[in-house]
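Note: the block below is coords.cif and it holds mmCIF, C-alpha atoms and all ligand atoms.
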```cif
data_entry
loop_
_atom_site.group_PDB
_atom_site.id
_atom_site.type_symbol
_atom_site.label_atom_id
_atom_site.label_comp_id
_atom_site.auth_asym_id
_atom_site.auth_seq_id
_atom_site.Cartn_x
_atom_site.Cartn_y
_atom_site.Cartn_z
ATOM 1 C CA LEU A 1 132.643 111.251 105.689
ATOM 2 C CA SER A 2 129.917 109.676 103.605
ATOM 3 C CA LYS A 3 126.311 110.679 104.073
ATOM 4 C CA VAL A 4 123.632 108.532 105.681
ATOM 5 C CA PRO A 5 121.698 106.895 102.809
ATOM 6 C CA ILE A 6 117.951 106.981 103.458
ATOM 7 C CA LEU A 7 115.131 105.646 101.329
ATOM 8 C CA PHE A 8 112.128 107.482 102.706
ATOM 9 C CA LEU A 9 108.729 105.935 102.000
ATOM 10 C CA VAL A 10 105.817 108.342 101.667
ATOM 11 C CA GLY A 11 102.175 107.368 101.467
ATOM 12 C CA SER A 12 98.868 107.382 103.243
ATOM 13 C CA GLY A 13 98.251 104.439 105.564
ATOM 14 C CA ARG A 14 97.070 101.311 103.674
ATOM 15 C CA SER A 15 99.031 102.269 100.581
ATOM 16 C CA GLY A 16 101.448 99.350 100.682
ATOM 17 C CA THR A 17 104.390 100.928 102.515
ATOM 18 C CA THR A 18 104.697 97.980 104.915
ATOM 19 C CA LEU A 19 104.729 95.483 102.056
ATOM 20 C CA LEU A 20 107.348 97.555 100.267
ATOM 21 C CA SER A 21 109.426 97.777 103.467
ATOM 22 C CA ARG A 22 109.328 94.018 103.966
ATOM 23 C CA LEU A 23 110.261 93.340 100.347
ATOM 24 C CA LEU A 24 113.156 95.804 100.442
ATOM 25 C CA ASP A 25 114.396 94.384 103.745
ATOM 26 C CA GLY A 26 114.976 91.092 101.945
ATOM 27 C CA GLU A 27 117.347 92.748 99.477
ATOM 28 C CA ALA A 28 121.088 93.002 100.034
ATOM 29 C CA GLY A 29 122.302 96.337 101.386
ATOM 30 C CA LEU A 30 118.928 97.566 102.619
ATOM 31 C CA LEU A 31 117.628 97.704 106.185
ATOM 32 C CA ALA A 32 113.928 98.399 106.741
ATOM 33 C CA VAL A 33 113.484 100.231 110.043
ATOM 34 C CA GLY A 34 109.751 100.982 110.015
ATOM 35 C CA GLU A 35 108.201 104.105 111.496
ATOM 36 C CA THR A 36 111.197 105.843 113.032
ATOM 37 C CA ARG A 37 109.150 108.959 113.736
ATOM 38 C CA TYR A 38 107.495 107.158 116.673
ATOM 39 C CA LEU A 39 110.799 106.211 118.287
ATOM 40 C CA GLY A 40 110.250 108.706 121.095
ATOM 41 C CA GLU A 41 106.995 107.024 122.047
ATOM 42 C CA ALA A 42 108.322 103.509 122.539
ATOM 43 C CA ARG A 43 106.482 103.128 125.836
ATOM 44 C CA ARG A 44 103.160 103.988 124.257
ATOM 45 C CA TRP A 45 103.175 101.009 121.917
ATOM 46 C CA THR A 46 102.773 97.456 123.099
ATOM 47 C CA GLU A 47 103.662 95.939 119.717
ATOM 48 C CA SER A 48 106.958 94.134 119.378
ATOM 49 C CA CYS A 49 109.721 94.870 116.920
ATOM 50 C CA GLY A 50 109.750 92.876 113.667
ATOM 51 C CA CYS A 51 112.238 90.534 115.378
ATOM 52 C CA GLY A 52 109.542 89.562 117.908
ATOM 53 C CA ARG A 53 111.168 91.234 120.914
ATOM 54 C CA PRO A 54 109.758 94.286 122.679
ATOM 55 C CA HIS A 55 111.287 97.344 120.980
ATOM 56 C CA ALA A 56 113.234 98.161 124.147
ATOM 57 C CA GLU A 57 114.921 94.729 124.068
ATOM 58 C CA CYS A 58 115.731 94.680 120.355
ATOM 59 C CA PRO A 59 119.458 94.876 119.527
ATOM 60 C CA LEU A 60 118.819 97.671 117.023
ATOM 61 C CA TRP A 61 116.249 99.788 118.883
ATOM 62 C CA GLY A 62 116.978 98.925 122.502
ATOM 63 C CA PRO A 63 120.136 101.067 122.859
ATOM 64 C CA LEU A 64 118.423 104.030 121.166
ATOM 65 C CA ILE A 65 115.410 103.769 123.460
ATOM 66 C CA ALA A 66 117.675 103.386 126.521
ATOM 67 C CA ASP A 67 119.296 106.709 125.613
ATOM 68 C CA TRP A 68 116.008 108.531 126.164
ATOM 69 C CA SER A 69 116.949 108.501 129.866
ATOM 70 C CA GLU A 70 119.595 111.108 129.015
ATOM 71 C CA PRO A 71 118.173 114.501 130.103
ATOM 72 C CA GLY A 72 116.658 116.526 127.284
ATOM 73 C CA ARG A 73 117.393 113.974 124.602
ATOM 74 C CA LEU A 74 113.835 112.708 124.142
ATOM 75 C CA ALA A 75 112.380 116.238 124.022
ATOM 76 C CA ALA A 76 115.023 117.226 121.471
ATOM 77 C CA TRP A 77 114.172 114.238 119.288
ATOM 78 C CA GLN A 78 110.432 114.980 119.464
ATOM 79 C CA ALA A 79 111.046 118.633 118.585
ATOM 80 C CA ALA A 80 112.620 117.508 115.313
ATOM 81 C CA ALA A 81 110.856 114.271 114.349
ATOM 82 C CA ILE A 82 107.369 115.412 115.370
ATOM 83 C CA ALA A 83 107.742 119.172 115.143
ATOM 84 C CA GLY A 84 104.868 121.514 115.912
ATOM 85 C CA GLN A 85 103.080 123.326 113.121
ATOM 86 C CA ALA A 86 104.955 126.622 113.656
ATOM 87 C CA ASP A 87 108.323 124.840 113.482
ATOM 88 C CA GLN A 88 107.248 122.995 110.354
ATOM 89 C CA LEU A 89 106.068 126.188 108.679
ATOM 90 C CA ALA A 90 109.236 128.055 109.641
ATOM 91 C CA ALA A 91 111.367 125.234 108.259
ATOM 92 C CA TRP A 92 109.309 125.334 105.083
ATOM 93 C CA ILE A 93 109.693 129.095 104.662
ATOM 94 C CA ALA A 94 113.375 129.263 105.603
ATOM 95 C CA PRO A 95 114.934 125.780 105.595
ATOM 96 C CA ARG A 96 118.362 127.067 106.606
ATOM 97 C CA LYS A 97 117.018 128.904 109.650
ATOM 98 C CA PRO A 98 114.964 126.509 111.764
ATOM 99 C CA LEU A 99 113.372 127.789 114.969
ATOM 100 C CA PRO A 100 115.438 127.122 118.140
ATOM 101 C CA ALA A 101 113.460 124.068 119.346
ATOM 102 C CA LEU A 102 113.815 122.342 116.025
ATOM 103 C CA ARG A 103 117.463 123.321 115.697
ATOM 104 C CA GLY A 104 118.124 121.806 119.114
ATOM 105 C CA GLY A 105 116.716 118.478 117.931
ATOM 106 C CA LEU A 106 118.822 118.149 114.803
ATOM 107 C CA PRO A 107 121.933 116.607 116.464
ATOM 108 C CA VAL A 108 119.760 113.862 118.002
ATOM 109 C CA LEU A 109 118.103 113.282 114.649
ATOM 110 C CA ARG A 110 121.508 112.861 113.078
ATOM 111 C CA ASP A 111 122.772 110.553 115.815
ATOM 112 C CA VAL A 112 119.743 108.252 115.531
ATOM 113 C CA TYR A 113 120.013 107.886 111.756
ATOM 114 C CA GLU A 114 123.782 107.462 111.832
ATOM 115 C CA ARG A 115 123.359 104.616 114.278
ATOM 116 C CA LEU A 116 120.634 103.001 112.178
ATOM 117 C CA ALA A 117 122.992 103.147 109.195
ATOM 118 C CA SER A 118 126.082 102.023 111.114
ATOM 119 C CA ARG A 119 126.058 98.543 109.530
ATOM 120 C CA GLY A 120 126.486 100.155 106.147
ATOM 121 C CA ASP A 121 122.946 99.643 104.906
ATOM 122 C CA VAL A 122 120.579 101.991 103.149
ATOM 123 C CA VAL A 123 118.011 102.861 105.821
ATOM 124 C CA VAL A 124 114.472 102.253 104.538
ATOM 125 C CA ASP A 125 112.303 104.549 106.639
ATOM 126 C CA GLU A 126 108.573 103.920 106.610
ATOM 127 C CA SER A 127 107.560 106.947 108.659
ATOM 128 C CA LYS A 128 105.337 107.926 105.711
ATOM 129 C CA THR A 129 104.776 111.484 106.960
ATOM 130 C CA PRO A 130 106.182 113.854 104.367
ATOM 131 C CA TRP A 131 107.365 116.273 107.098
ATOM 132 C CA LEU A 132 110.111 114.028 108.484
ATOM 133 C CA GLY A 133 111.261 113.187 104.972
ATOM 134 C CA TYR A 134 111.484 116.863 104.149
ATOM 135 C CA LEU A 135 113.441 117.601 107.331
ATOM 136 C CA LEU A 136 115.882 114.767 106.591
ATOM 137 C CA ALA A 137 116.259 115.905 102.990
ATOM 138 C CA GLU A 138 117.332 119.344 104.258
ATOM 139 C CA GLN A 139 120.166 117.893 106.388
ATOM 140 C CA PRO A 140 123.661 118.026 104.869
ATOM 141 C CA TRP A 141 124.596 114.661 106.427
ATOM 142 C CA ALA A 142 121.694 112.766 104.847
ATOM 143 C CA ASP A 143 121.358 111.423 101.320
ATOM 144 C CA VAL A 144 117.594 111.044 100.954
ATOM 145 C CA ARG A 145 115.646 109.437 98.142
ATOM 146 C CA PHE A 146 111.848 109.358 98.271
ATOM 147 C CA VAL A 147 109.563 106.547 97.184
ATOM 148 C CA GLU A 148 105.902 107.548 97.208
ATOM 149 C CA LEU A 149 103.128 104.969 96.946
ATOM 150 C CA VAL A 150 99.723 106.193 95.828
ATOM 151 C CA ARG A 151 96.455 104.288 95.933
ATOM 152 C CA ASP A 152 92.873 104.987 94.925
ATOM 153 C CA PRO A 153 91.242 106.680 97.961
ATOM 154 C CA ARG A 154 88.196 104.399 97.624
ATOM 155 C CA ASP A 155 90.423 101.426 98.315
ATOM 156 C CA VAL A 156 92.248 103.209 101.132
ATOM 157 C CA VAL A 157 89.042 104.272 102.865
ATOM 158 C CA THR A 158 87.588 100.766 102.475
ATOM 159 C CA SER A 159 90.757 99.225 103.839
ATOM 160 C CA TRP A 160 90.598 101.456 106.924
ATOM 161 C CA GLN A 161 87.142 100.056 107.664
ATOM 162 C CA GLN A 162 88.706 96.663 108.255
ATOM 163 C CA ALA A 163 90.231 97.360 111.655
ATOM 164 C CA LYS A 164 93.546 95.665 112.334
ATOM 165 C CA SER A 165 94.452 94.470 115.777
ATOM 166 C CA TYR A 166 96.578 97.471 116.706
ATOM 167 C CA LEU A 167 94.243 100.161 115.467
ATOM 168 C CA ASP A 168 90.641 100.884 116.110
ATOM 169 C CA TYR A 169 88.134 101.424 113.371
ATOM 170 C CA THR A 170 88.865 104.648 111.447
ATOM 171 C CA PRO A 171 85.823 106.608 110.226
ATOM 172 C CA ARG A 172 85.654 107.093 106.443
ATOM 173 C CA GLU A 173 85.946 110.871 106.678
ATOM 174 C CA VAL A 174 89.052 110.686 108.884
ATOM 175 C CA ALA A 175 90.683 108.230 106.496
ATOM 176 C CA ALA A 176 89.816 110.378 103.471
ATOM 177 C CA GLN A 177 91.153 113.549 105.100
ATOM 178 C CA HIS A 178 94.376 111.778 106.067
ATOM 179 C CA TRP A 179 94.745 110.434 102.519
ATOM 180 C CA LEU A 180 94.232 113.855 100.953
ATOM 181 C CA ARG A 181 96.578 115.628 103.351
ATOM 182 C CA THR A 182 99.348 113.092 102.749
ATOM 183 C CA CYS A 183 99.010 113.297 98.959
ATOM 184 C CA VAL A 184 98.904 117.093 98.820
ATOM 185 C CA THR A 185 101.805 117.539 101.267
ATOM 186 C CA ALA A 186 103.879 114.982 99.386
ATOM 187 C CA GLU A 187 103.291 116.884 96.159
ATOM 188 C CA MET A 188 104.425 120.159 97.780
ATOM 189 C CA ILE A 189 107.567 118.537 99.130
ATOM 190 C CA ARG A 190 108.350 116.758 95.871
ATOM 191 C CA LYS A 191 108.242 120.103 94.082
ATOM 192 C CA ARG A 192 110.320 121.822 96.743
ATOM 193 C CA THR A 193 113.169 119.393 97.350
ATOM 194 C CA GLY A 194 115.812 118.627 94.798
ATOM 195 C CA ASN A 195 115.993 115.050 96.038
ATOM 196 C CA PRO A 196 115.315 112.036 93.840
ATOM 197 C CA TRP A 197 111.646 111.066 93.879
ATOM 198 C CA LEU A 198 109.880 107.986 92.572
ATOM 199 C CA ARG A 199 106.100 107.727 92.663
ATOM 200 C CA LEU A 200 104.444 104.374 92.049
ATOM 201 C CA PRO A 201 100.876 103.107 92.140
ATOM 202 C CA PHE A 202 100.044 100.580 94.854
ATOM 203 C CA ALA A 203 98.442 98.438 92.120
ATOM 204 C CA GLU A 204 101.825 97.853 90.500
ATOM 205 C CA LEU A 205 103.408 96.806 93.789
ATOM 206 C CA ALA A 206 100.587 94.328 94.426
ATOM 207 C CA ASN A 207 100.152 92.990 90.886
ATOM 208 C CA ASP A 208 103.651 93.198 89.469
ATOM 209 C CA PRO A 209 106.020 93.559 92.440
ATOM 210 C CA SER A 210 109.037 92.578 90.367
ATOM 211 C CA THR A 211 108.641 95.591 88.092
ATOM 212 C CA ALA A 212 107.921 97.911 91.041
ATOM 213 C CA LEU A 213 110.988 96.709 92.957
ATOM 214 C CA THR A 214 113.173 96.973 89.876
ATOM 215 C CA ARG A 215 112.205 100.628 89.581
ATOM 216 C CA VAL A 216 113.110 101.246 93.227
ATOM 217 C CA LEU A 217 116.324 99.211 93.291
ATOM 218 C CA ARG A 218 117.416 99.929 89.723
ATOM 219 C CA ARG A 219 118.200 96.216 89.435
ATOM 220 C CA ALA A 220 116.178 93.015 89.476
ATOM 221 C CA PRO A 221 115.084 92.010 92.991
ATOM 222 C CA GLU A 222 116.613 88.855 94.481
ATOM 223 C CA GLY A 223 113.925 87.940 96.976
ATOM 224 C CA LEU A 224 110.832 87.449 94.789
ATOM 225 C CA GLN A 225 109.556 84.151 93.413
ATOM 226 C CA HIS A 226 107.003 83.726 90.666
ATOM 227 C CA THR A 227 105.166 80.428 90.739
ATOM 228 C CA GLU A 228 101.825 79.392 89.260
ATOM 229 C CA GLY A 229 100.876 82.922 88.375
ATOM 230 C CA SER A 230 101.484 84.514 91.750
ATOM 231 C CA TRP A 231 104.329 86.375 93.407
ATOM 232 C CA SER A 232 105.722 85.390 96.761
ATOM 233 C CA PHE A 233 108.654 86.109 99.033
ATOM 234 C CA ASP A 234 110.281 84.522 102.037
ATOM 235 C CA ALA A 235 109.236 86.639 105.025
ATOM 236 C CA ARG A 236 112.001 86.671 107.607
ATOM 237 C CA SER A 237 112.782 88.263 110.924
ATOM 238 C CA ASN A 238 113.403 91.999 110.645
ATOM 239 C CA HIS A 239 113.755 95.101 112.801
ATOM 240 C CA ILE A 240 110.772 97.048 111.533
ATOM 241 C CA TYR A 241 109.704 99.503 114.241
ATOM 242 C CA LEU A 242 105.957 99.752 114.921
ATOM 243 C CA SER A 243 104.313 99.656 111.453
ATOM 244 C CA ASN A 244 101.831 96.960 110.544
ATOM 245 C CA PRO A 245 101.620 93.571 112.362
ATOM 246 C CA ASP A 246 102.205 91.878 108.982
ATOM 247 C CA LYS A 247 105.899 92.443 109.742
ATOM 248 C CA LEU A 248 105.726 89.533 112.202
ATOM 249 C CA ARG A 249 104.626 86.975 109.640
ATOM 250 C CA ARG A 250 107.220 84.383 108.679
ATOM 251 C CA GLY A 251 107.758 81.923 105.865
ATOM 252 C CA VAL A 252 106.661 81.982 102.254
ATOM 253 C CA GLU A 253 104.123 84.713 101.757
ATOM 254 C CA THR A 254 102.043 85.233 98.636
ATOM 255 C CA ILE A 255 101.481 88.819 97.545
ATOM 256 C CA ARG A 256 97.784 89.342 97.013
ATOM 257 C CA PRO A 257 96.931 91.077 93.745
ATOM 258 C CA THR A 258 94.543 94.008 93.815
ATOM 259 C CA ALA A 259 91.564 94.409 91.502
ATOM 260 C CA THR A 260 90.256 97.611 90.009
ATOM 261 C CA ARG A 261 87.005 98.547 91.662
ATOM 262 C CA PRO A 262 83.835 99.982 90.214
ATOM 263 C CA ALA A 263 83.268 103.647 91.019
ATOM 264 C CA ALA A 264 81.586 104.205 94.365
ATOM 265 C CA ILE A 265 78.274 106.003 94.665
ATOM 266 C CA LEU A 266 79.009 109.645 95.411
ATOM 267 C CA GLU A 267 75.826 110.390 97.357
ATOM 268 C CA GLN A 268 76.949 108.104 100.168
ATOM 269 C CA GLN A 269 80.187 109.933 100.705
ATOM 270 C CA GLY A 270 81.084 112.758 103.028
ATOM 271 C CA ARG A 271 82.835 115.987 102.126
ATOM 272 C CA TRP A 272 86.425 114.791 102.582
ATOM 273 C CA GLU A 273 85.812 111.615 100.691
ATOM 274 C CA ARG A 274 84.364 113.528 97.746
ATOM 275 C CA LEU A 275 87.346 115.909 97.810
ATOM 276 C CA ALA A 276 89.796 113.012 97.959
ATOM 277 C CA LEU A 277 88.058 111.317 95.036
ATOM 278 C CA ARG A 278 88.121 114.512 93.024
ATOM 279 C CA TYR A 279 91.847 114.910 93.657
ATOM 280 C CA TRP A 280 92.408 111.323 92.565
ATOM 281 C CA ASP A 281 90.178 111.419 89.481
ATOM 282 C CA ARG A 282 91.191 114.830 88.189
ATOM 283 C CA TRP A 283 94.869 114.888 89.101
ATOM 284 C CA LEU A 284 96.627 111.958 90.665
ATOM 285 C CA VAL A 285 95.269 109.010 88.700
ATOM 286 C CA SER A 286 97.023 110.176 85.539
ATOM 287 C CA ARG A 287 100.226 110.857 87.469
ATOM 288 C CA THR A 288 100.764 107.645 89.393
ATOM 289 C CA TYR A 289 104.178 107.172 87.789
ATOM 290 C CA VAL A 290 106.528 110.047 88.445
ATOM 291 C CA THR A 291 110.290 110.027 88.429
ATOM 292 C CA LYS A 292 112.404 113.001 89.301
ATOM 293 C CA ARG A 293 116.164 112.727 89.182
ATOM 294 C CA TRP A 294 115.699 109.005 89.709
ATOM 295 C CA PRO A 295 118.601 107.180 88.092
ATOM 296 C CA VAL A 296 117.510 104.462 85.672
HETATM 297 ZN ZN ZN A 301 114.246 94.146 116.407
#
```

Please rewrite the model in this file as structure tokens.
Ligand SMILES: [Zn+2]
Amino acid sequence: LSKVPILFLVGSGRSGTTLLSRLLDGEAGLLAVGETRYLGEARRWTESCGCGRPHAECPLWGPLIADWSEPGRLAAWQAAAIAGQADQLAAWIAPRKPLPALRGGLPVLRDVYERLASRGDVVVDESKTPWLGYLLAEQPWADVRFVELVRDPRDVVTSWQQAKSYLDYTPREVAAQHWLRTCVTAEMIRKRTGNPWLRLPFAELANDPSTALTRVLRRAPEGLQHTEGSWSFDARSNHIYLSNPDKLRRGVETIRPTATRPAAILEQQGRWERLALRYWDRWLVSRTYVTKRWPV
């Protein structure tokens, strides 16, 4: 049997993963599924699927959510997809010997992803959290490739200040800590797994999406148009789970370019923000393009 092909998107929130998901969903052979890691919490979210229906009534997600009524299934899924810290550490130290709770969740994990891939598409998972990507990469039934989007933490922190409808305002320090944790964990996992890894700067996706998509797809994208100096795509119905409300927009959508910003004033920043900036300035900014075993 062939493995389940998964393109796992990694990145801090506000790093362009939703845009990348929507663009990839418009390409033949790819199915963007959004933030699968939250599948066990369907009742917690009032947002609809990318197709406009409540997640529980969507033809893709509805049957999977209905199966949570099966005894033990939901707990098993959560034990794998959102494992506790001890389970994550144990899986990191000895990937072949997961702790019992995590081991019990692996068949459900497999079943969910096999069903998402049952139409023969590459599953584009936007869960973003490096942990789930790492767990999937360790499974013999999954063929996982990682695409990591990185963005200047100043822009990420600023973006978090503009609250979107589904999220409350996120304090700068919380956003900076989340950014740093995601970047550092992603780096650890990239070094650990033997799976193909492609790291791209958000700026390329926003300013030159054709080049960014060509790197990901290893062919020219079909769904992008370039007119009068700007890039656009035809936003259609999709089955993106949770994610950003942008997924519900329809019709021709112009991709907004991003500008480089002047350096922020350090004195106004908290501890995490300064740390995040230091990590960006001294390490990540000169490593925004990374390919590992990525076929060209
Ligand atoms: Zn749907």

>> How would you report the residues lying within 9 Å of ligand ZN 301 (chain A), as a PyMOL selection string, if you count only C-alpha atoms and all ligand atoms?
In response: chain A and resi 33+48-62+237-241

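Atom CA of A:Ile189 is positioned 22.9 Å from atom CA of A:Leu213.
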
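Nearest to A:Asp208 of all the residues A:Ala235, A:Leu224, A:Ala90, A:Ala83 is A:Leu224, counting all atoms listed in the file.
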
> Of the residues A:Pro130, A:Gly229, A:Pro63, A:Pro153, which is the one nearest to A:Thr185, using all atoms listed in the file?
Replying inline: A:Pro130

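Atom pair atom CA of A:Ala259 / atom CA of A:Leu277 has a distance of 17.6 Å (rounded to one decimal).
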
>> For the PyMOL selection byres (((chain A and resi 192) around 12) and not hetatm), applied here, can you spell out every residue it catches as a ChimeraX atom specification?
In response: /A:92-95,130,133-135,137-138,185-191,193-197,292

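Put simply, the PyMOL selection byres (((chain A and resi 254) around 12) and not hetatm) on this file hits Leu19, Leu23, Ala206, Asn207, Pro209, Leu224, Gln225, His226, Thr227, Glu228, Gly229, Ser230, Trp231, Ser232, Phe233, Asp234, Ala235, Arg249, Arg250, Gly251, Val252, Glu253, Ile255, Arg256 and Pro257 of chain A.
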
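Using all atoms listed in the file, the smallest distance between any of A:Arg103, A:Lys3, A:Arg14, A:Arg44 and A:Val156 comes from A:Arg14.
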
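When all atoms listed in the file are used to measure the gap to A:Glu41, the shortest distance among A:Thr211, A:Gln78, A:Thr17, A:Ser118 belongs to A:Gln78.
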